[in-house]
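Structure file data.pdb (PDB, C-alpha atoms) is printed below.
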```pdb
MODEL        1
ATOM      1  CA  MET A 192     105.243 115.925  91.617  1.00  0.00           C
ATOM      2  CA  GLU A 193     107.690 113.541  89.972  1.00  0.00           C
ATOM      3  CA  SER A 194     110.459 111.814  91.886  1.00  0.00           C
ATOM      4  CA  GLU A 195     113.938 112.204  90.412  1.00  0.00           C
ATOM      5  CA  THR A 196     114.732 108.597  91.272  1.00  0.00           C
ATOM      6  CA  ARG A 197     111.783 106.533  90.183  1.00  0.00           C
ATOM      7  CA  ARG A 198     111.059 103.394  92.139  1.00  0.00           C
ATOM      8  CA  THR A 199     108.946 100.587  90.800  1.00  0.00           C
ATOM      9  CA  TYR A 200     107.750  97.415  92.425  1.00  0.00           C
ATOM     10  CA  PRO A 201     107.717  93.782  91.300  1.00  0.00           C
ATOM     11  CA  VAL A 202     104.288  92.675  90.159  1.00  0.00           C
ATOM     12  CA  GLU A 203     102.926  89.158  89.829  1.00  0.00           C
ATOM     13  CA  ASP A 204      99.839  89.889  87.761  1.00  0.00           C
ATOM     14  CA  SER A 205      99.598  93.349  86.221  1.00  0.00           C
ATOM     15  CA  PHE A 206      95.954  92.870  85.199  1.00  0.00           C
ATOM     16  CA  SER A 207      94.786  91.780  88.640  1.00  0.00           C
ATOM     17  CA  ARG A 208      93.160  95.152  89.425  1.00  0.00           C
ATOM     18  CA  THR A 209      92.123  98.378  87.737  1.00  0.00           C
ATOM     19  CA  SER A 210      92.076 100.201  91.056  1.00  0.00           C
ATOM     20  CA  VAL A 211      94.574 101.023  93.794  1.00  0.00           C
ATOM     21  CA  THR A 212      94.579 101.450  97.558  1.00  0.00           C
ATOM     22  CA  VAL A 213      95.298 104.833  99.120  1.00  0.00           C
ATOM     23  CA  HIS A 214      98.904 103.831  99.852  1.00  0.00           C
ATOM     24  CA  GLU A 215      99.365 102.589  96.284  1.00  0.00           C
ATOM     25  CA  ALA A 216      97.948 105.899  95.049  1.00  0.00           C
ATOM     26  CA  VAL A 217     100.551 107.718  97.154  1.00  0.00           C
ATOM     27  CA  ALA A 218     103.303 105.573  95.587  1.00  0.00           C
ATOM     28  CA  ILE A 219     101.982 106.517  92.140  1.00  0.00           C
ATOM     29  CA  MET A 220     101.903 110.238  92.941  1.00  0.00           C
ATOM     30  CA  LEU A 221     105.486 110.006  94.205  1.00  0.00           C
ATOM     31  CA  GLY A 222     106.555 108.338  90.961  1.00  0.00           C
ATOM     32  CA  TYR A 223     107.478 105.051  92.664  1.00  0.00           C
ATOM     33  CA  ALA A 224     104.894 102.984  90.796  1.00  0.00           C
ATOM     34  CA  ASP A 225     102.601 103.237  87.811  1.00  0.00           C
ATOM     35  CA  GLY A 226      99.728 100.988  88.829  1.00  0.00           C
ATOM     36  CA  PRO A 227      98.602  98.325  91.324  1.00  0.00           C
ATOM     37  CA  ILE A 228     101.396  96.870  93.437  1.00  0.00           C
ATOM     38  CA  VAL A 229     101.226  93.086  93.731  1.00  0.00           C
ATOM     39  CA  MET A 230     104.236  91.374  95.257  1.00  0.00           C
ATOM     40  CA  ARG A 231     105.823  88.553  93.305  1.00  0.00           C
ATOM     41  CA  SER A 232     106.725  85.213  94.859  1.00  0.00           C
ATOM     42  CA  PHE A 233     110.344  84.180  95.324  1.00  0.00           C
ATOM     43  CA  ASN A 234     109.313  80.642  94.372  1.00  0.00           C
ATOM     44  CA  GLU A 235     109.533  79.582  90.734  1.00  0.00           C
ATOM     45  CA  ASN A 236     106.295  77.611  91.002  1.00  0.00           C
ATOM     46  CA  PRO A 237     104.179  79.236  93.720  1.00  0.00           C
ATOM     47  CA  SER A 238     101.017  77.500  94.822  1.00  0.00           C
ATOM     48  CA  ASP A 239      97.577  78.941  94.123  1.00  0.00           C
ATOM     49  CA  GLU A 240      97.246  79.677  97.839  1.00  0.00           C
ATOM     50  CA  GLU A 241     100.500  81.657  97.870  1.00  0.00           C
ATOM     51  CA  LEU A 242      99.522  83.646  94.787  1.00  0.00           C
ATOM     52  CA  GLU A 243      96.168  84.488  96.326  1.00  0.00           C
ATOM     53  CA  ALA A 244      97.875  85.605  99.540  1.00  0.00           C
ATOM     54  CA  LEU A 245     100.271  87.820  97.571  1.00  0.00           C
ATOM     55  CA  ARG A 246      97.427  89.396  95.614  1.00  0.00           C
ATOM     56  CA  SER A 247      95.543  90.248  98.794  1.00  0.00           C
ATOM     57  CA  ALA A 248      98.572  91.378 100.838  1.00  0.00           C
ATOM     58  CA  PRO A 249      98.246  95.125 101.499  1.00  0.00           C
ATOM     59  CA  PHE A 250     101.014  97.521 100.471  1.00  0.00           C
ATOM     60  CA  TYR A 251     102.057 100.261 102.888  1.00  0.00           C
ATOM     61  CA  ILE A 252     104.006 103.280 101.664  1.00  0.00           C
ATOM     62  CA  ASP A 253     105.811 103.477 105.018  1.00  0.00           C
ATOM     63  CA  GLU A 254     107.021  99.864 104.897  1.00  0.00           C
ATOM     64  CA  GLY A 255     110.696  99.857 105.811  1.00  0.00           C
ATOM     65  CA  TRP A 256     110.893 103.555 106.690  1.00  0.00           C
ATOM     66  CA  ARG A 257     112.292 102.886 110.153  1.00  0.00           C
ATOM     67  CA  GLU A 258     114.947 100.483 108.855  1.00  0.00           C
ATOM     68  CA  GLU A 259     115.931 102.805 106.019  1.00  0.00           C
ATOM     69  CA  ARG A 260     116.199 105.833 108.312  1.00  0.00           C
ATOM     70  CA  GLU A 261     118.299 103.791 110.740  1.00  0.00           C
ATOM     71  CA  SER A 262     120.559 102.685 107.895  1.00  0.00           C
ATOM     72  CA  LEU A 263     121.053 106.220 106.567  1.00  0.00           C
ATOM     73  CA  GLU A 264     121.622 107.716 110.021  1.00  0.00           C
ATOM     74  CA  ASP A 265     124.170 105.007 110.771  1.00  0.00           C
ATOM     75  CA  ALA A 266     125.962 105.812 107.499  1.00  0.00           C
ATOM     76  CA  CYS A 267     126.108 109.494 108.505  1.00  0.00           C
ATOM     77  CA  ARG A 268     127.565 108.618 111.901  1.00  0.00           C
ATOM     78  CA  ARG A 269     130.188 106.322 110.400  1.00  0.00           C
ATOM     79  CA  THR A 270     131.368 108.786 107.776  1.00  0.00           C
ATOM     80  CA  GLY A 271     131.616 111.453 110.470  1.00  0.00           C
ATOM     81  CA  THR A 272     133.806 109.387 112.787  1.00  0.00           C
ATOM     82  CA  GLU A 273     135.940 107.266 110.462  1.00  0.00           C
ATOM     83  CA  GLY A 274     137.958 110.038 108.871  1.00  0.00           C
ATOM     84  CA  SER A 275     135.998 109.804 105.633  1.00  0.00           C
ATOM     85  CA  SER A 276     136.420 112.361 102.870  1.00  0.00           C
ATOM     86  CA  GLN A 277     134.203 115.423 102.826  1.00  0.00           C
ATOM     87  CA  GLU A 278     132.628 114.065  99.651  1.00  0.00           C
ATOM     88  CA  SER A 279     131.576 110.868 101.456  1.00  0.00           C
ATOM     89  CA  ILE A 280     130.236 112.851 104.407  1.00  0.00           C
ATOM     90  CA  ASP A 281     128.237 115.132 102.102  1.00  0.00           C
ATOM     91  CA  LYS A 282     126.919 112.165 100.123  1.00  0.00           C
ATOM     92  CA  ALA A 283     125.676 110.395 103.268  1.00  0.00           C
ATOM     93  CA  ALA A 284     124.031 113.586 104.544  1.00  0.00           C
ATOM     94  CA  GLU A 285     122.394 114.200 101.172  1.00  0.00           C
ATOM     95  CA  ALA A 286     120.988 110.652 101.084  1.00  0.00           C
ATOM     96  CA  LEU A 287     119.395 111.128 104.516  1.00  0.00           C
ATOM     97  CA  GLU A 288     118.025 114.534 103.522  1.00  0.00           C
ATOM     98  CA  THR A 289     116.530 113.084 100.328  1.00  0.00           C
ATOM     99  CA  PHE A 290     114.901 110.269 102.292  1.00  0.00           C
ATOM    100  CA  GLU A 291     113.347 112.666 104.821  1.00  0.00           C
ATOM    101  CA  ARG A 292     112.083 114.847 101.980  1.00  0.00           C
ATOM    102  CA  GLU A 293     110.423 111.849 100.330  1.00  0.00           C
ATOM    103  CA  VAL A 294     108.835 110.832 103.638  1.00  0.00           C
ATOM    104  CA  SER A 295     107.387 114.340 103.989  1.00  0.00           C
ATOM    105  CA  GLU A 296     106.071 114.196 100.421  1.00  0.00           C
ATOM    106  CA  ALA A 297     104.484 110.802 101.068  1.00  0.00           C
ATOM    107  CA  LYS A 298     102.709 112.140 104.155  1.00  0.00           C
ATOM    108  CA  ARG A 299     101.511 115.149 102.193  1.00  0.00           C
ATOM    109  CA  TRP A 300     100.041 112.976  99.408  1.00  0.00           C
ATOM    110  CA  LEU A 301      98.445 110.684 101.976  1.00  0.00           C
ATOM    111  CA  CYS A 302      96.695 113.651 103.595  1.00  0.00           C
ATOM    112  CA  GLU A 303      95.554 115.111 100.260  1.00  0.00           C
ATOM    113  CA  ILE A 304      94.143 111.842  98.929  1.00  0.00           C
ATOM    114  CA  GLU A 305      92.401 111.032 102.220  1.00  0.00           C
ATOM    115  CA  ASP A 306      90.937 114.548 102.243  1.00  0.00           C
ATOM    116  CA  GLU A 307      89.574 114.115  98.713  1.00  0.00           C
ATOM    117  CA  LEU A 308      88.012 110.762  99.615  1.00  0.00           C
ATOM    118  CA  SER A 309      86.381 112.299 102.696  1.00  0.00           C
ATOM    119  CA  LYS A 310      84.180 114.376 100.353  1.00  0.00           C
ATOM    120  CA  GLY A 311      82.117 111.254  99.737  1.00  0.00           C
ATOM    121  CA  GLU A 312      79.903 111.414  96.660  1.00  0.00           C
ATOM    122  CA  ALA A 313      81.370 114.818  95.789  1.00  0.00           C
ATOM    123  CA  SER A 314      84.875 113.355  95.576  1.00  0.00           C
ATOM    124  CA  ALA A 315      86.605 113.284  92.204  1.00  0.00           C
ATOM    125  CA  LEU A 316      88.173 109.986  93.249  1.00  0.00           C
ATOM    126  CA  ARG A 317      85.766 107.146  92.509  1.00  0.00           C
ATOM    127  CA  LEU A 318      85.774 103.926  94.496  1.00  0.00           C
ATOM    128  CA  ASP A 319      85.997 100.449  93.019  1.00  0.00           C
ATOM    129  CA  THR A 320      83.055  98.835  94.809  1.00  0.00           C
ATOM    130  CA  LYS A 321      84.242  95.338  93.932  1.00  0.00           C
ATOM    131  CA  HIS A 322      87.508  95.632  95.863  1.00  0.00           C
ATOM    132  CA  SER A 323      86.798  98.372  98.409  1.00  0.00           C
ATOM    133  CA  HIS A 324      85.966  97.742 102.044  1.00  0.00           C
ATOM    134  CA  ASP A 325      86.055  99.783 105.254  1.00  0.00           C
ATOM    135  CA  HIS A 326      89.776  99.389 105.925  1.00  0.00           C
ATOM    136  CA  PHE A 327      91.054  99.529 102.348  1.00  0.00           C
ATOM    137  CA  PRO A 328      89.113 101.705  99.908  1.00  0.00           C
ATOM    138  CA  HIS A 329      90.232 101.152  96.317  1.00  0.00           C
ATOM    139  CA  ILE A 330      90.401 104.143  93.968  1.00  0.00           C
ATOM    140  CA  THR A 331      89.803 103.501  90.281  1.00  0.00           C
ATOM    141  CA  LEU A 332      92.912 104.152  88.209  1.00  0.00           C
ATOM    142  CA  TRP A 333      90.994 106.243  85.715  1.00  0.00           C
ATOM    143  CA  SER A 334      89.576 108.598  88.338  1.00  0.00           C
ATOM    144  CA  LEU A 335      93.016 108.933  89.970  1.00  0.00           C
ATOM    145  CA  ARG A 336      94.446 109.879  86.583  1.00  0.00           C
ATOM    146  CA  GLU A 337      91.681 112.425  85.928  1.00  0.00           C
ATOM    147  CA  TRP A 338      91.976 113.887  89.434  1.00  0.00           C
ATOM    148  CA  ALA A 339      95.738 114.309  89.031  1.00  0.00           C
ATOM    149  CA  GLN A 340      95.302 115.958  85.626  1.00  0.00           C
ATOM    150  CA  ASP A 341      92.638 118.353  86.927  1.00  0.00           C
ATOM    151  CA  LYS A 342      94.958 119.328  89.781  1.00  0.00           C
ATOM    152  CA  GLY A 343      97.860 119.813  87.396  1.00  0.00           C
ATOM    153  CA  TYR A 344      99.867 117.022  88.989  1.00  0.00           C
ATOM    154  CA  GLU A 345     102.281 115.031  86.872  1.00  0.00           C
ATOM    155  CA  THR A 346     102.205 111.242  87.116  1.00  0.00           C
ATOM    156  CA  ARG A 347     103.479 108.321  85.109  1.00  0.00           C
ATOM    157  CA  LEU A 348     100.209 106.542  85.692  1.00  0.00           C
ATOM    158  CA  VAL A 349      99.241 103.880  83.188  1.00  0.00           C
ATOM    159  CA  PRO A 350      96.372 101.354  83.466  1.00  0.00           C
ATOM    160  CA  VAL A 351      98.686  98.505  84.467  1.00  0.00           C
ATOM    161  CA  SER A 352     101.964  98.077  86.319  1.00  0.00           C
ATOM    162  CA  ARG A 353     105.288  97.157  84.790  1.00  0.00           C
ATOM    163  CA  VAL A 354     108.105  95.215  86.387  1.00  0.00           C
ATOM    164  CA  GLY A 355     110.775  97.790  87.129  1.00  0.00           C
ATOM    165  CA  ASP A 356     114.481  97.766  87.823  1.00  0.00           C
ATOM    166  CA  ALA A 357     114.253  98.550  91.529  1.00  0.00           C
ATOM    167  CA  THR A 358     112.465  97.034  94.508  1.00  0.00           C
ATOM    168  CA  PRO A 359     111.574  98.307  97.953  1.00  0.00           C
ATOM    169  CA  LYS A 360     114.391  98.187 100.479  1.00  0.00           C
ATOM    170  CA  LEU A 361     112.965  95.185 102.337  1.00  0.00           C
ATOM    171  CA  ARG A 362     112.507  93.142  99.167  1.00  0.00           C
ATOM    172  CA  MET A 363     116.056  94.020  98.143  1.00  0.00           C
ATOM    173  CA  GLN A 364     117.374  92.777 101.488  1.00  0.00           C
ATOM    174  CA  GLU A 365     115.487  89.509 101.113  1.00  0.00           C
ATOM    175  CA  THR A 366     116.774  88.992  97.583  1.00  0.00           C
ATOM    176  CA  VAL A 367     120.384  89.552  98.669  1.00  0.00           C
ATOM    177  CA  ILE A 368     120.026  87.078 101.545  1.00  0.00           C
ATOM    178  CA  LEU A 369     118.546  84.425  99.257  1.00  0.00           C
ATOM    179  CA  GLU A 370     121.250  84.924  96.637  1.00  0.00           C
ATOM    180  CA  THR A 371     123.987  84.771  99.281  1.00  0.00           C
ATOM    181  CA  LEU A 372     122.595  81.555 100.743  1.00  0.00           C
ATOM    182  CA  GLU A 373     122.550  79.973  97.302  1.00  0.00           C
ATOM    183  CA  SER A 374     126.091  81.183  96.562  1.00  0.00           C
ATOM    184  CA  LEU A 375     127.207  79.407  99.749  1.00  0.00           C
ATOM    185  CA  GLY A 376     125.566  76.214  98.550  1.00  0.00           C
ATOM    186  CA  HIS A 377     122.554  76.291 100.879  1.00  0.00           C
ATOM    187  CA  ASP A 378     118.907  75.652 100.096  1.00  0.00           C
ATOM    188  CA  PRO A 379     117.136  78.659 101.715  1.00  0.00           C
ATOM    189  CA  LYS A 380     114.241  76.417 102.779  1.00  0.00           C
ATOM    190  CA  ARG A 381     116.521  73.678 104.193  1.00  0.00           C
ATOM    191  CA  MET A 382     119.388  75.444 105.938  1.00  0.00           C
ATOM    192  CA  PRO A 383     121.570  73.298 108.223  1.00  0.00           C
ATOM    193  CA  PRO A 384     120.606  73.753 111.888  1.00  0.00           C
ATOM    194  CA  ASN A 385     123.020  75.482 114.234  1.00  0.00           C
ATOM    195  CA  SER A 386     125.516  73.342 116.123  1.00  0.00           C
ATOM    196  CA  LYS A 387     126.815  74.301 119.549  1.00  0.00           C
ATOM    197  CA  GLY A 388     130.208  75.987 119.386  1.00  0.00           C
ATOM    198  CA  VAL A 389     130.219  76.174 115.585  1.00  0.00           C
ATOM    199  CA  SER A 390     129.474  79.228 113.462  1.00  0.00           C
ATOM    200  CA  GLY A 391     126.224  78.634 111.620  1.00  0.00           C
ATOM    201  CA  VAL A 392     124.828  79.590 108.252  1.00  0.00           C
ATOM    202  CA  LYS A 393     123.510  82.918 109.566  1.00  0.00           C
ATOM    203  CA  SER A 394     127.020  83.897 110.627  1.00  0.00           C
ATOM    204  CA  ALA A 395     128.419  82.904 107.229  1.00  0.00           C
ATOM    205  CA  VAL A 396     125.843  85.010 105.403  1.00  0.00           C
ATOM    206  CA  SER A 397     126.353  87.925 107.796  1.00  0.00           C
ATOM    207  CA  LYS A 398     130.106  87.980 107.159  1.00  0.00           C
ATOM    208  CA  LYS A 399     129.477  88.392 103.441  1.00  0.00           C
ATOM    209  CA  ILE A 400     126.795  91.075 103.426  1.00  0.00           C
ATOM    210  CA  ASP A 401     126.290  92.728 106.835  1.00  0.00           C
ATOM    211  CA  GLY A 402     127.466  96.338 106.871  1.00  0.00           C
ATOM    212  CA  LYS A 403     127.093  96.694 103.108  1.00  0.00           C
ATOM    213  CA  GLU A 404     124.171  97.967 101.054  1.00  0.00           C
ATOM    214  CA  PRO A 405     121.314  97.309 101.781  1.00  0.00           C
ATOM    215  CA  PHE A 406     122.380  96.320 105.331  1.00  0.00           C
ATOM    216  CA  LEU A 407     124.090  99.484 106.565  1.00  0.00           C
ATOM    217  CA  GLY A 408     122.259  99.813 109.901  1.00  0.00           C
ATOM    218  CA  SER A 409     123.617  98.050 112.977  1.00  0.00           C
ATOM    219  CA  THR A 410     120.567  95.775 113.284  1.00  0.00           C
ATOM    220  CA  VAL A 411     119.266  95.779 109.703  1.00  0.00           C
ATOM    221  CA  PHE A 412     120.644  92.356 108.759  1.00  0.00           C
ATOM    222  CA  LYS A 413     119.339  90.710 111.945  1.00  0.00           C
ATOM    223  CA  LYS A 414     115.867  92.171 111.400  1.00  0.00           C
ATOM    224  CA  ALA A 415     115.803  91.047 107.772  1.00  0.00           C
ATOM    225  CA  TRP A 416     116.945  87.523 108.717  1.00  0.00           C
ATOM    226  CA  ASP A 417     114.368  87.222 111.506  1.00  0.00           C
ATOM    227  CA  ARG A 418     111.649  88.582 109.218  1.00  0.00           C
ATOM    228  CA  MET A 419     112.394  85.967 106.576  1.00  0.00           C
ATOM    229  CA  LEU A 420     112.399  83.193 109.167  1.00  0.00           C
ATOM    230  CA  SER A 421     108.990  84.312 110.420  1.00  0.00           C
ATOM    231  CA  THR A 422     107.497  84.423 106.911  1.00  0.00           C
ATOM    232  CA  GLY A 423     109.019  81.094 105.878  1.00  0.00           C
ATOM    233  CA  ASP A 424     111.146  82.550 103.072  1.00  0.00           C
ATOM    234  CA  ILE A 425     114.085  80.846 104.777  1.00  0.00           C
ATOM    235  CA  ALA A 426     113.966  77.882 107.144  1.00  0.00           C
ATOM    236  CA  TYR A 427     116.258  75.505 108.991  1.00  0.00           C
ATOM    237  CA  GLU A 428     116.128  71.834 108.120  1.00  0.00           C
ATOM    238  CA  LYS A 429     114.306  69.849 110.790  1.00  0.00           C
TER     239      LYS A 429
ENDMDL
END
```
Please express what this file holds, its structure, as structure tokens.
Amino acid sequence: MESETRRTYPVEDSFSRTSVTVHEAVAIMLGYADGPIVMRSFNENPSDEELEALRSAPFYIDEGWREERESLEDACRRTGTEGSSQESIDKAAEALETFEREVSEAKRWLCEIEDELSKGEASALRLDTKHSHDHFPHITLWSLREWAQDKGYETRLVPVSRVGDATPKLRMQETVILETLESLGHDPKRMPPNSKGVSGVKSAVSKKIDGKEPFLGSTVFKKAWDRMLSTGDIAYEK
């Protein structure tokens, strides 16, 4: 199965692995990726520790599903109550329908790949013993390619990943927040602390981007902001 709208993910080191996790394999079968998914740092000169953490950070195909569904459902509600044109209403409904269809496809691929792996030594999917462990088995790219071909499934699988022109919804949100902070003249890692009775930097950023793509849900911006604070991607000056 080949997705009409292909998604790809930013990679830091395309030769880091010749195998993929089950969730990465699902992304490949959906046409979202073409190899291992390794998140890239927002820092120009990341430390060795940060790079190692990024390489080992697991990818989950369902990352951001709840936020994206909330955003699309909110868009449907707004177009239905704001006197929007029928074209806008249909477009919002179609976007939600497409999302739900992709979620169903992802679940289907997850079940099929897990079922194949459960065959053990009889499985056509071979495990990379160097990277595999109990919680995250790694499937060799070559065996995934052969398995897909034998099943008659189409993929855009290649031995390594390429940096694409789209990022997951959460990464897109983070990028927009960082760019907005910089456009307002703020260092994302040294934001001015809030002062009592005065609108802070969060409010200034919110006014510029909240309610617009990719922050269409009522709480999407707040969740993205809080997530970035917790990970240290943004921080207030102490």
Could you state which residues are captured by the PyMOL selection byres ((chain A and resi 397) around 10) in this file, as a PyMOL selection string? chain A and resi 368+371+392-396+398-403+406+412-413+416
Between atom CA of A:Gly255 and atom CA of A:Thr272, what is the spacing in Å? 26.0 Å
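Among the candidate residues A:Leu245, A:Ile252, A:Ile228, A:Cys267, the one lying nearest to A:Leu407 is A:Cys267, with distances computed using only C-alpha atoms.
With all atoms listed in the file as the atoms that count, the residue of A:Val389, A:Leu301, A:Val367, A:Val217 with the shortest distance to A:Met419 is A:Val367.
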Gap from atom CA of A:Thr212 to atom CA of A:Arg246 - Å, one decimal: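 Between atom CA of A:Thr212 and atom CA of A:Arg246 the gap works out to 12.5 Å.
Atom CA of A:Val211 is positioned 9.4 Å from atom CA of A:Phe327.
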Set up a box along x, y and z of the file covering all listed atoms of stretch 382-400 of chain A, add 4 Å on every one of the six sides, and write the centre and edge lengths in Å to one decimal, as AutoDock Vina command-line options.
```
--center_x 124.8 --center_y 82.2 --center_z 111.5 --size_x 18.8 --size_y 25.8 --size_z 24.1
```
Proximity to A:Lys342 - best of A:Met220, A:His377, A:Glu296, A:Gly274, all atoms listed in the file: A:Met220
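Here the question is which of A:Thr209, A:Thr410, A:Ser262, A:Gln277 gets nearest to A:Lys321 using only C-alpha atoms, and that residue is A:Thr209.
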Just say which residues the PyMOL selection byres ((chain A and resi 379) around 8) picks in this file, as a CSV table (one decimal) with C-alpha atoms, in the frame of the given file.
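Just written: result.csv:
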```csv
chain,number,residue,atom,x,y,z
A,369,LEU,CA,118.5,84.4,99.3
A,372,LEU,CA,122.6,81.6,100.7
A,373,GLU,CA,122.6,80.0,97.3
A,377,HIS,CA,122.6,76.3,100.9
A,378,ASP,CA,118.9,75.7,100.1
A,380,LYS,CA,114.2,76.4,102.8
A,381,ARG,CA,116.5,73.7,104.2
A,382,MET,CA,119.4,75.4,105.9
A,424,ASP,CA,111.1,82.6,103.1
A,425,ILE,CA,114.1,80.8,104.8
A,426,ALA,CA,114.0,77.9,107.1
A,427,TYR,CA,116.3,75.5,109.0
```
Given the point (101.2, 110.1, 91.6) in the file's coordinates, find the residues that have an atom at most 9 Å from it, counting only C-alpha atoms, and give them as a PyMOL selection string. chain A and resi 192-193+216-225+300+335-336+339+344-348
